[in-house]
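**Q** mmCIF, C-alpha atoms, saved as protein-v9.cif, coming up:
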```
data_protein
loop_
_atom_site.label_atom_id
_atom_site.label_comp_id
_atom_site.auth_asym_id
_atom_site.auth_seq_id
_atom_site.Cartn_x
_atom_site.Cartn_y
_atom_site.Cartn_z
CA MET U 1 42.09 -22.59 -29.60
CA ALA U 2 42.87 -21.95 -25.92
CA GLU U 3 45.86 -23.88 -24.54
CA GLU U 4 43.78 -25.70 -21.90
CA CYS U 5 40.54 -26.07 -23.83
CA THR U 6 37.85 -28.17 -22.16
CA HIS U 7 35.78 -28.23 -25.36
CA ASP U 8 32.86 -26.86 -23.35
CA CYS U 9 32.04 -23.59 -25.11
CA SER U 10 29.22 -22.78 -22.68
CA THR U 11 31.74 -22.00 -19.92
CA CYS U 12 34.41 -20.39 -22.08
CA SER U 13 34.90 -16.69 -22.86
CA GLN U 14 37.42 -17.23 -25.66
CA ASN U 15 36.29 -16.43 -29.17
CA CYS U 16 38.52 -18.96 -30.88
CA GLY U 17 38.09 -20.79 -34.15
CA GLU U 18 36.99 -23.94 -32.36
CA ARG U 19 33.93 -22.28 -30.78
CA THR U 20 30.74 -24.20 -31.52
CA GLU U 21 28.35 -22.18 -29.30
CA PRO U 22 27.68 -18.41 -29.19
CA MET U 23 29.21 -16.48 -26.33
CA ASN U 24 26.85 -15.92 -23.40
CA LEU U 25 27.43 -12.41 -22.02
CA MET U 26 24.61 -12.57 -19.49
CA ALA U 27 25.77 -11.31 -16.09
CA ALA U 28 24.79 -13.06 -12.88
CA PRO U 29 22.79 -10.84 -10.52
CA ASN U 30 23.99 -10.10 -7.01
CA PRO U 31 23.40 -13.19 -4.81
CA ASN U 32 21.04 -11.09 -2.68
CA SER U 33 18.84 -10.20 -5.66
CA ASN U 34 15.71 -11.90 -6.92
CA VAL U 35 14.40 -9.90 -9.88
CA LYS U 36 11.48 -11.55 -11.64
CA LYS U 37 10.94 -9.27 -14.63
CA VAL U 38 13.04 -6.57 -16.33
CA ILE U 39 11.53 -3.96 -18.66
CA ALA U 40 13.74 -1.47 -20.51
CA ILE U 41 12.48 2.00 -21.44
CA MET U 42 14.34 3.34 -24.47
CA SER U 43 14.20 6.01 -27.14
CA GLY U 44 16.06 6.72 -30.33
CA LYS U 45 16.74 10.33 -29.33
CA GLY U 46 16.90 12.45 -26.21
CA GLY U 47 14.31 14.84 -24.87
CA VAL U 48 11.21 12.71 -25.43
CA GLY U 49 10.39 12.15 -21.75
CA LYS U 50 11.80 8.67 -21.36
CA SER U 51 12.75 9.16 -17.71
CA TYR U 52 9.25 10.41 -16.91
CA VAL U 53 7.70 7.35 -18.55
CA THR U 54 10.03 5.15 -16.50
CA SER U 55 9.17 6.98 -13.28
CA ALA U 56 5.43 7.02 -13.94
CA LEU U 57 5.27 3.34 -14.87
CA ALA U 58 7.30 2.30 -11.83
CA SER U 59 5.20 4.47 -9.52
CA ALA U 60 1.96 3.06 -10.91
CA CYS U 61 3.29 -0.47 -10.64
CA LYS U 62 4.29 0.13 -7.01
CA LYS U 63 0.78 1.39 -6.24
CA LEU U 64 -0.54 -1.95 -7.51
CA GLY U 65 1.29 -3.60 -4.62
CA LYS U 66 4.24 -4.91 -6.62
CA ASP U 67 7.84 -4.84 -5.40
CA THR U 68 9.23 -2.36 -7.92
CA ALA U 69 12.68 -1.01 -8.75
CA ILE U 70 14.33 1.41 -11.17
CA LEU U 71 17.84 0.89 -12.52
CA ASP U 72 18.97 4.26 -13.87
CA ALA U 73 21.19 3.33 -16.82
CA ASP U 74 21.47 6.93 -18.04
CA ILE U 75 24.87 7.40 -16.42
CA THR U 76 25.77 10.80 -17.89
CA GLY U 77 22.29 12.26 -17.39
CA PRO U 78 20.79 10.60 -14.31
CA SER U 79 17.48 12.26 -13.47
CA ILE U 80 15.57 9.52 -11.66
CA PRO U 81 16.63 10.44 -8.07
CA LYS U 82 15.61 14.08 -8.51
CA ALA U 83 12.22 13.12 -9.91
CA PHE U 84 11.55 11.16 -6.71
CA GLY U 85 13.10 13.72 -4.37
CA VAL U 86 15.90 11.36 -3.34
CA HIS U 87 19.18 13.07 -2.52
CA VAL U 88 20.89 10.63 -0.10
CA ARG U 89 24.02 8.58 -0.71
CA ALA U 90 23.70 4.85 -1.31
CA MET U 91 25.36 2.63 1.30
CA GLY U 92 26.56 -0.96 1.23
CA ASP U 93 28.37 -3.79 2.96
CA ASP U 94 30.69 -6.63 2.01
CA ASN U 95 27.94 -8.20 -0.07
CA GLY U 96 27.31 -5.17 -2.26
CA ILE U 97 25.45 -1.87 -2.49
CA PHE U 98 21.98 -1.31 -1.03
CA PRO U 99 19.42 0.34 -3.30
CA VAL U 100 17.88 3.58 -2.03
CA HIS U 101 14.16 3.64 -1.26
CA THR U 102 11.68 6.35 -2.23
CA PRO U 103 8.94 7.46 0.23
CA SER U 104 6.60 4.77 -1.16
CA GLY U 105 9.23 2.03 -0.89
CA LEU U 106 10.21 1.88 -4.55
CA LYS U 107 13.88 0.81 -4.92
CA MET U 108 16.34 2.64 -7.13
CA MET U 109 19.98 2.83 -8.06
CA SER U 110 21.55 5.70 -9.97
CA LEU U 111 25.04 7.11 -10.30
CA ASN U 112 23.81 10.29 -8.60
CA LEU U 113 23.32 8.20 -5.45
CA LEU U 114 27.04 7.39 -5.44
CA MET U 115 28.48 10.79 -6.35
CA GLU U 116 29.78 13.19 -3.70
CA ASN U 117 27.99 16.05 -5.48
CA GLU U 118 24.99 15.18 -7.64
CA THR U 119 25.72 18.08 -10.01
CA ASP U 120 29.24 16.88 -10.83
CA PRO U 121 29.55 15.91 -14.52
CA VAL U 122 30.35 12.34 -15.49
CA VAL U 123 33.21 12.63 -17.99
CA TRP U 124 33.80 8.97 -18.75
CA ARG U 125 34.44 6.92 -21.86
CA GLY U 126 31.81 4.52 -23.15
CA SER U 127 33.38 1.34 -21.81
CA LEU U 128 33.48 2.67 -18.24
CA ILE U 129 29.88 3.89 -18.48
CA ALA U 130 28.70 0.52 -19.79
CA GLY U 131 30.66 -1.29 -17.07
CA THR U 132 28.99 0.82 -14.38
CA VAL U 133 25.53 -0.10 -15.65
CA LYS U 134 26.47 -3.77 -15.53
CA GLN U 135 27.66 -3.32 -11.93
CA PHE U 136 24.26 -1.89 -11.00
CA TRP U 137 23.00 -5.39 -11.80
CA THR U 138 25.82 -7.47 -10.32
CA ASP U 139 26.81 -5.39 -7.28
CA VAL U 140 23.50 -4.02 -6.00
CA GLN U 141 21.56 -6.09 -3.46
CA TRP U 142 18.11 -5.59 -4.96
CA GLY U 143 16.35 -8.17 -2.79
CA ASP U 144 12.93 -9.32 -4.01
CA VAL U 145 11.74 -7.34 -7.04
CA ASP U 146 8.66 -8.18 -9.08
CA TYR U 147 9.30 -5.57 -11.79
CA MET U 148 12.49 -3.68 -12.55
CA PHE U 149 12.33 -0.75 -14.98
CA VAL U 150 15.59 0.24 -16.67
CA ASP U 151 15.81 3.90 -17.70
CA MET U 152 18.06 3.82 -20.76
CA PRO U 153 20.11 6.61 -22.30
CA PRO U 154 18.97 7.68 -25.78
CA GLY U 155 20.24 5.87 -28.84
CA THR U 156 21.53 2.38 -29.59
CA GLY U 157 25.11 2.62 -28.34
CA ASP U 158 27.27 1.02 -25.66
CA VAL U 159 24.83 1.15 -22.75
CA PRO U 160 21.76 -0.28 -24.50
CA LEU U 161 23.94 -3.02 -25.97
CA THR U 162 25.37 -3.82 -22.52
CA VAL U 163 21.91 -3.88 -20.94
CA PHE U 164 20.45 -6.14 -23.61
CA GLN U 165 23.41 -8.53 -23.52
CA SER U 166 24.03 -8.58 -19.77
CA LEU U 167 20.57 -8.29 -18.18
CA PRO U 168 17.63 -10.68 -18.67
CA VAL U 169 15.44 -8.04 -20.34
CA ASP U 170 11.90 -9.36 -20.86
CA GLY U 171 10.68 -6.51 -23.03
CA ILE U 172 11.23 -2.99 -24.33
CA ILE U 173 8.96 0.05 -24.30
CA VAL U 174 9.90 2.69 -26.89
CA VAL U 175 9.13 6.33 -26.08
CA THR U 176 8.57 8.70 -28.98
CA SER U 177 7.22 12.16 -29.78
CA PRO U 178 4.88 13.23 -32.63
CA GLN U 179 7.35 14.34 -35.27
CA GLU U 180 8.19 12.86 -38.66
CA LEU U 181 11.49 11.76 -37.15
CA VAL U 182 9.58 9.27 -35.00
CA SER U 183 9.39 6.68 -37.77
CA MET U 184 13.17 6.53 -38.07
CA ILE U 185 13.55 6.40 -34.28
CA VAL U 186 11.16 3.48 -33.95
CA GLU U 187 12.80 1.73 -36.89
CA LYS U 188 16.18 1.85 -35.16
CA ALA U 189 14.74 0.57 -31.88
CA VAL U 190 12.83 -2.22 -33.62
CA LYS U 191 15.91 -3.39 -35.51
CA MET U 192 18.04 -3.39 -32.37
CA ALA U 193 15.38 -5.34 -30.50
CA GLU U 194 15.30 -7.88 -33.32
CA LEU U 195 19.07 -8.24 -33.20
CA MET U 196 18.91 -8.83 -29.45
CA ASN U 197 15.86 -11.12 -29.69
CA ILE U 198 13.93 -8.98 -27.19
CA PRO U 199 10.24 -8.23 -27.77
CA ILE U 200 8.95 -4.67 -27.96
CA LEU U 201 5.98 -4.41 -25.61
CA GLY U 202 4.69 -1.25 -27.26
CA LEU U 203 5.10 2.45 -27.97
CA VAL U 204 4.38 5.46 -25.78
CA GLU U 205 3.96 8.80 -27.52
CA ASN U 206 4.82 11.73 -25.27
CA TYR U 207 3.92 15.41 -25.93
CA SER U 208 1.09 14.12 -28.09
CA TYR U 209 -1.11 17.21 -27.60
CA PHE U 210 -1.92 20.06 -25.24
CA LYS U 211 -5.44 20.36 -23.86
CA CYS U 212 -6.49 23.94 -23.24
CA PRO U 213 -7.69 24.29 -19.64
CA ASP U 214 -10.16 27.01 -20.69
CA CYS U 215 -11.92 25.64 -23.76
CA GLY U 216 -10.93 21.96 -23.54
CA LYS U 217 -9.70 21.90 -27.15
CA GLU U 218 -6.67 19.73 -27.95
CA HIS U 219 -3.79 21.48 -29.74
CA LYS U 220 -1.09 19.47 -31.52
CA ILE U 221 1.93 21.58 -30.58
CA TYR U 222 4.45 19.25 -32.23
CA GLY U 223 2.33 18.47 -35.28
CA ASP U 224 0.15 15.55 -36.27
CA SER U 225 0.84 12.20 -34.69
CA HIS U 226 2.31 9.40 -36.81
CA ILE U 227 2.44 6.83 -34.04
CA ASP U 228 -0.52 4.72 -35.20
CA GLU U 229 0.80 4.24 -38.72
CA VAL U 230 4.31 3.53 -37.47
CA ALA U 231 2.99 1.00 -34.98
CA ALA U 232 0.88 -0.68 -37.67
CA ALA U 233 3.86 -0.90 -40.02
CA HIS U 234 5.79 -2.87 -37.39
CA SER U 235 2.84 -4.73 -35.83
CA LEU U 236 3.37 -2.92 -32.54
CA LYS U 237 0.92 -1.74 -29.92
CA VAL U 238 0.41 1.91 -28.98
CA LEU U 239 0.33 1.82 -25.18
CA ALA U 240 -0.41 5.48 -24.50
CA LYS U 241 -0.50 8.99 -25.94
CA LEU U 242 0.55 11.40 -23.22
CA PRO U 243 -0.37 15.10 -23.37
CA ILE U 244 1.83 18.08 -22.57
CA ASP U 245 0.88 18.55 -18.92
CA PRO U 246 2.36 21.33 -16.72
CA ARG U 247 1.61 19.14 -13.69
CA VAL U 248 4.24 16.69 -14.82
CA ALA U 249 7.05 19.25 -14.96
CA ALA U 250 6.00 20.68 -11.59
CA ALA U 251 5.92 17.24 -9.95
CA VAL U 252 9.30 16.21 -11.35
CA ASP U 253 10.93 19.51 -10.36
CA ALA U 254 9.50 19.14 -6.84
CA GLY U 255 10.67 15.51 -6.54
CA GLU U 256 7.09 14.33 -6.22
CA VAL U 257 6.63 12.23 -9.35
CA GLU U 258 5.26 9.25 -7.43
CA GLN U 259 2.57 11.45 -5.84
CA LEU U 260 1.33 12.63 -9.25
CA ALA U 261 -2.14 11.23 -9.91
CA PRO U 262 -3.24 10.48 -12.47
CA ASN U 263 0.08 10.17 -14.30
CA GLY U 264 -1.28 8.87 -17.61
CA LEU U 265 0.27 5.41 -17.40
CA GLU U 266 -1.85 3.67 -14.77
CA THR U 267 -3.68 1.62 -17.42
CA VAL U 268 -0.38 0.55 -19.02
CA ALA U 269 1.03 -0.44 -15.63
CA THR U 270 -2.07 -2.52 -14.89
CA GLU U 271 -1.47 -4.47 -18.10
CA LEU U 272 2.27 -4.87 -17.53
CA CYS U 273 2.41 -5.51 -13.80
CA LYS U 274 -0.03 -8.39 -13.47
#
```
Translate the structure of the given file into structure tokens.

**A**
Amino acid sequence: MAEECTHDCSTCSQNCGERTEPMNLMAAPNPNSNVKKVIAIMSGKGGVGKSYVTSALASACKKLGKDTAILDADITGPSIPKAFGVHVRAMGDDNGIFPVHTPSGLKMMSLNLLMENETDPVVWRGSLIAGTVKQFWTDVQWGDVDYMFVDMPPGTGDVPLTVFQSLPVDGIIVVTSPQELVSMIVEKAVKMAELMNIPILGLVENYSYFKCPDCGKEHKIYGDSHIDEVAAAHSLKVLAKLPIDPRVAAAVDAGEVEQLAPNGLETVATELCK
């Protein structure tokens, strides 16, 4: 037991034998932040289009008139600023860092906005990466935000754990692709969500099919979809099945993701951002 124990475990960070309440690791937001709802976008593996889903959902939510923000938690692979064509440095004052705004007014914070050169690699250990994500919550002056979307790195490691323990996450959207591996990916995400007591809002399948512009026939490039059966097995909702669309790659490369219309997730955003 701590030498000067007050016997009030709710205000104590010691994990001693006398503890009667679980440790609360929730971090307080910056005093100049008022974030109403936090939605995390995660995947069990990389390369499934998670950052696009984050960008498209946030853009669609912003078009609905909501104050929207993106917290880019993918520290070693930050792609959100490029997708929106944002290449400026974030500034701040004594009260914290100011988020950068996209042309439509969407707020964002990413490590690339703090780096001298956005192509410099981030060669950091896990604890430092996780700490930086937490600081994006505590040190950034987000102002009024109706919906914040958190673009997570793939997997269930340090950063997702830090986000789920430190931020008041209201729900998770899991992004998958139509391979057999998807069932294992969703299983991992579901189990982590259960451990963290955070609801999964639904699944988004990316690269679901390619629609031929000439004949209109849909081709399943990555094989048959398993998303419906996986969702049913876990009582989850399939939010969207996104096709392989060359417009998406072109818009992201050009930094014009928020101008892409339709982006395939407008209906999902309408349900989420009420």

**Q** Mind checking which residues fall within 8 Å of segment 238-246 of chain U, counting all atoms listed in the file, ignoring those fewer than 4 positions away in the same chain, and posting them as JSON, numbers by chain?

**A** {"U": [202, 203, 204, 205, 206, 207, 208, 209, 210, 211, 227, 228, 231, 250, 264, 265, 268]}

**Q** Could you take the residues named above and write them with C-alpha atoms, as a compact mmCIF listing (two decimals), keeping the file's coordinate frame?

**A**
```txt
# COMPACT_ATOMS: atom_id res chain seq x y z
CA GLY U 202 4.69 -1.25 -27.26
CA LEU U 203 5.10 2.45 -27.97
CA VAL U 204 4.38 5.46 -25.78
CA GLU U 205 3.96 8.80 -27.52
CA ASN U 206 4.82 11.73 -25.27
CA TYR U 207 3.92 15.41 -25.93
CA SER U 208 1.09 14.12 -28.09
CA TYR U 209 -1.11 17.21 -27.60
CA PHE U 210 -1.92 20.06 -25.24
CA LYS U 211 -5.44 20.36 -23.86
CA ILE U 227 2.44 6.83 -34.04
CA ASP U 228 -0.52 4.72 -35.20
CA ALA U 231 2.99 1.00 -34.98
CA ALA U 250 6.00 20.68 -11.59
CA GLY U 264 -1.28 8.87 -17.61
CA LEU U 265 0.27 5.41 -17.40
CA VAL U 268 -0.38 0.55 -19.02
```

**Q** Return the single residue from U:Val252, U:Ile97, U:Val169, U:Val35 that is closest to Leu114 of chain U, with distances computed using only C-alpha atoms.

**A** U:Ile97

**Q** If the PyMOL selection byres ((chain U and resi 47-57) around 7) is run on the structure shown, which residues does it catch, given as a list in words?

**A**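 After applying the PyMOL selection byres ((chain U and resi 47-57) around 7), what remains is Ile41, Met42, Ser43, Lys45, Gly46, Ala58, Ser59, Ala60, Cys61, Ile80, Phe149, Asp151, Val175, Thr176, Ser177, Asn206, Glu258, Asn263, Leu265 and Ala269 of chain U.
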
**Q** Export C-alpha atoms of the chosen residues as an mmCIF file, in the coordinates of the input?

**A**
```cif
data_model
loop_
_atom_site.group_PDB
_atom_site.id
_atom_site.type_symbol
_atom_site.label_atom_id
_atom_site.label_comp_id
_atom_site.auth_asym_id
_atom_site.auth_seq_id
_atom_site.Cartn_x
_atom_site.Cartn_y
_atom_site.Cartn_z
ATOM 1 C CA ILE U 41 12.480 2.000 -21.440
ATOM 2 C CA MET U 42 14.340 3.340 -24.470
ATOM 3 C CA SER U 43 14.200 6.010 -27.140
ATOM 4 C CA LYS U 45 16.740 10.330 -29.330
ATOM 5 C CA GLY U 46 16.900 12.450 -26.210
ATOM 6 C CA ALA U 58 7.300 2.300 -11.830
ATOM 7 C CA SER U 59 5.200 4.470 -9.520
ATOM 8 C CA ALA U 60 1.960 3.060 -10.910
ATOM 9 C CA CYS U 61 3.290 -0.470 -10.640
ATOM 10 C CA ILE U 80 15.570 9.520 -11.660
ATOM 11 C CA PHE U 149 12.330 -0.750 -14.980
ATOM 12 C CA ASP U 151 15.810 3.900 -17.700
ATOM 13 C CA VAL U 175 9.130 6.330 -26.080
ATOM 14 C CA THR U 176 8.570 8.700 -28.980
ATOM 15 C CA SER U 177 7.220 12.160 -29.780
ATOM 16 C CA ASN U 206 4.820 11.730 -25.270
ATOM 17 C CA GLU U 258 5.260 9.250 -7.430
ATOM 18 C CA ASN U 263 0.080 10.170 -14.300
ATOM 19 C CA LEU U 265 0.270 5.410 -17.400
ATOM 20 C CA ALA U 269 1.030 -0.440 -15.630
#
```

**Q** I'd like the contact shell of His234 of chain U - 12 Å cut-off, all atoms listed in the file, skipping same-chain residues fewer than 5 positions apart - returned as a PyMOL selection string.

**A** chain U and resi 183-184+186-191+194+199-203+227-229

**Q** Quote the spacing between atom CA of Gly44 of chain U and atom CA of Thr156 of chain U in Å to one decimal place.

**A**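 That distance, rounded to one decimal, is 7.0 Å.
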
**Q** When you count all atoms listed in the file, which of these residues is closest to Leu64 of chain U: U:Tyr147, U:Trp124, U:Phe136, U:Trp142?

**A** U:Tyr147

**Q** Taking the point (9.8, 6.5, -2.8) as given in the file, collect each protein or nucleic acid residue that comes within 12 Å of it, counting all atoms listed in the file, and present the set as a short mmCIF file (atom, residue, chain, number, x, y, z; two decimals) with C-alpha atoms, in the coordinates of the input.

**A**
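Dumped everything to point16.cif:
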```cif
data_model
loop_
_atom_site.label_atom_id
_atom_site.label_comp_id
_atom_site.auth_asym_id
_atom_site.auth_seq_id
_atom_site.Cartn_x
_atom_site.Cartn_y
_atom_site.Cartn_z
CA SER U 55 9.17 6.98 -13.28
CA ALA U 56 5.43 7.02 -13.94
CA ALA U 58 7.30 2.30 -11.83
CA SER U 59 5.20 4.47 -9.52
CA ALA U 60 1.96 3.06 -10.91
CA LYS U 62 4.29 0.13 -7.01
CA LYS U 63 0.78 1.39 -6.24
CA ASP U 67 7.84 -4.84 -5.40
CA THR U 68 9.23 -2.36 -7.92
CA ALA U 69 12.68 -1.01 -8.75
CA ILE U 70 14.33 1.41 -11.17
CA ILE U 80 15.57 9.52 -11.66
CA PRO U 81 16.63 10.44 -8.07
CA LYS U 82 15.61 14.08 -8.51
CA ALA U 83 12.22 13.12 -9.91
CA PHE U 84 11.55 11.16 -6.71
CA GLY U 85 13.10 13.72 -4.37
CA VAL U 86 15.90 11.36 -3.34
CA HIS U 87 19.18 13.07 -2.52
CA PRO U 99 19.42 0.34 -3.30
CA VAL U 100 17.88 3.58 -2.03
CA HIS U 101 14.16 3.64 -1.26
CA THR U 102 11.68 6.35 -2.23
CA PRO U 103 8.94 7.46 0.23
CA SER U 104 6.60 4.77 -1.16
CA GLY U 105 9.23 2.03 -0.89
CA LEU U 106 10.21 1.88 -4.55
CA LYS U 107 13.88 0.81 -4.92
CA MET U 108 16.34 2.64 -7.13
CA GLY U 255 10.67 15.51 -6.54
CA GLU U 256 7.09 14.33 -6.22
CA VAL U 257 6.63 12.23 -9.35
CA GLU U 258 5.26 9.25 -7.43
CA GLN U 259 2.57 11.45 -5.84
#
```

**Q** If the PyMOL selection byres ((chain U and resi 88-95) around 9) were run on this exact file, what residues would it hold? Put them as an NGL selection string.

**A** :U and (30-32 or 86-87 or 96-100 or 109-110 or 112-116 or 139-141)

**Q** Distance atom CA of Ala233 of chain U-atom CA of Lys217 of chain U, one decimal place?

**A**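 A separation of 29.5 Å between them.
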
**Q** Atom CA of Gly77 of chain U and atom CA of Pro154 of chain U are how many Å apart?

**A**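 Spanning atom CA of Gly77 of chain U to atom CA of Pro154 of chain U is a straight-line distance of 10.1 Å.
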
**Q** Taking into account all atoms listed in the file, which residue in the set U:Pro262, U:Ser166, U:Asp146, U:Ile129 is nearest to Lys66 of chain U?

**A**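 Ranking U:Pro262, U:Ser166, U:Asp146, U:Ile129 by distance to Lys66 of chain U, first place goes to U:Asp146.
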
**Q** I need the residue nearest Asp74 of chain U from this list: U:Leu272, U:Val122, U:Ala232, U:Ala27. Use all atoms listed in the file for the distance.

**A**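 Among the listed residues, the smallest separation from Asp74 of chain U belongs to U:Val122.
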
**Q** Evaluated on this file, the PyMOL selection byres ((chain U and resi 224) around 9) picks out some residues - which ones are they, written as JSON, numbers by chain?

**A** {"U": [178, 179, 180, 208, 209, 220, 221, 222, 223, 225, 226]}
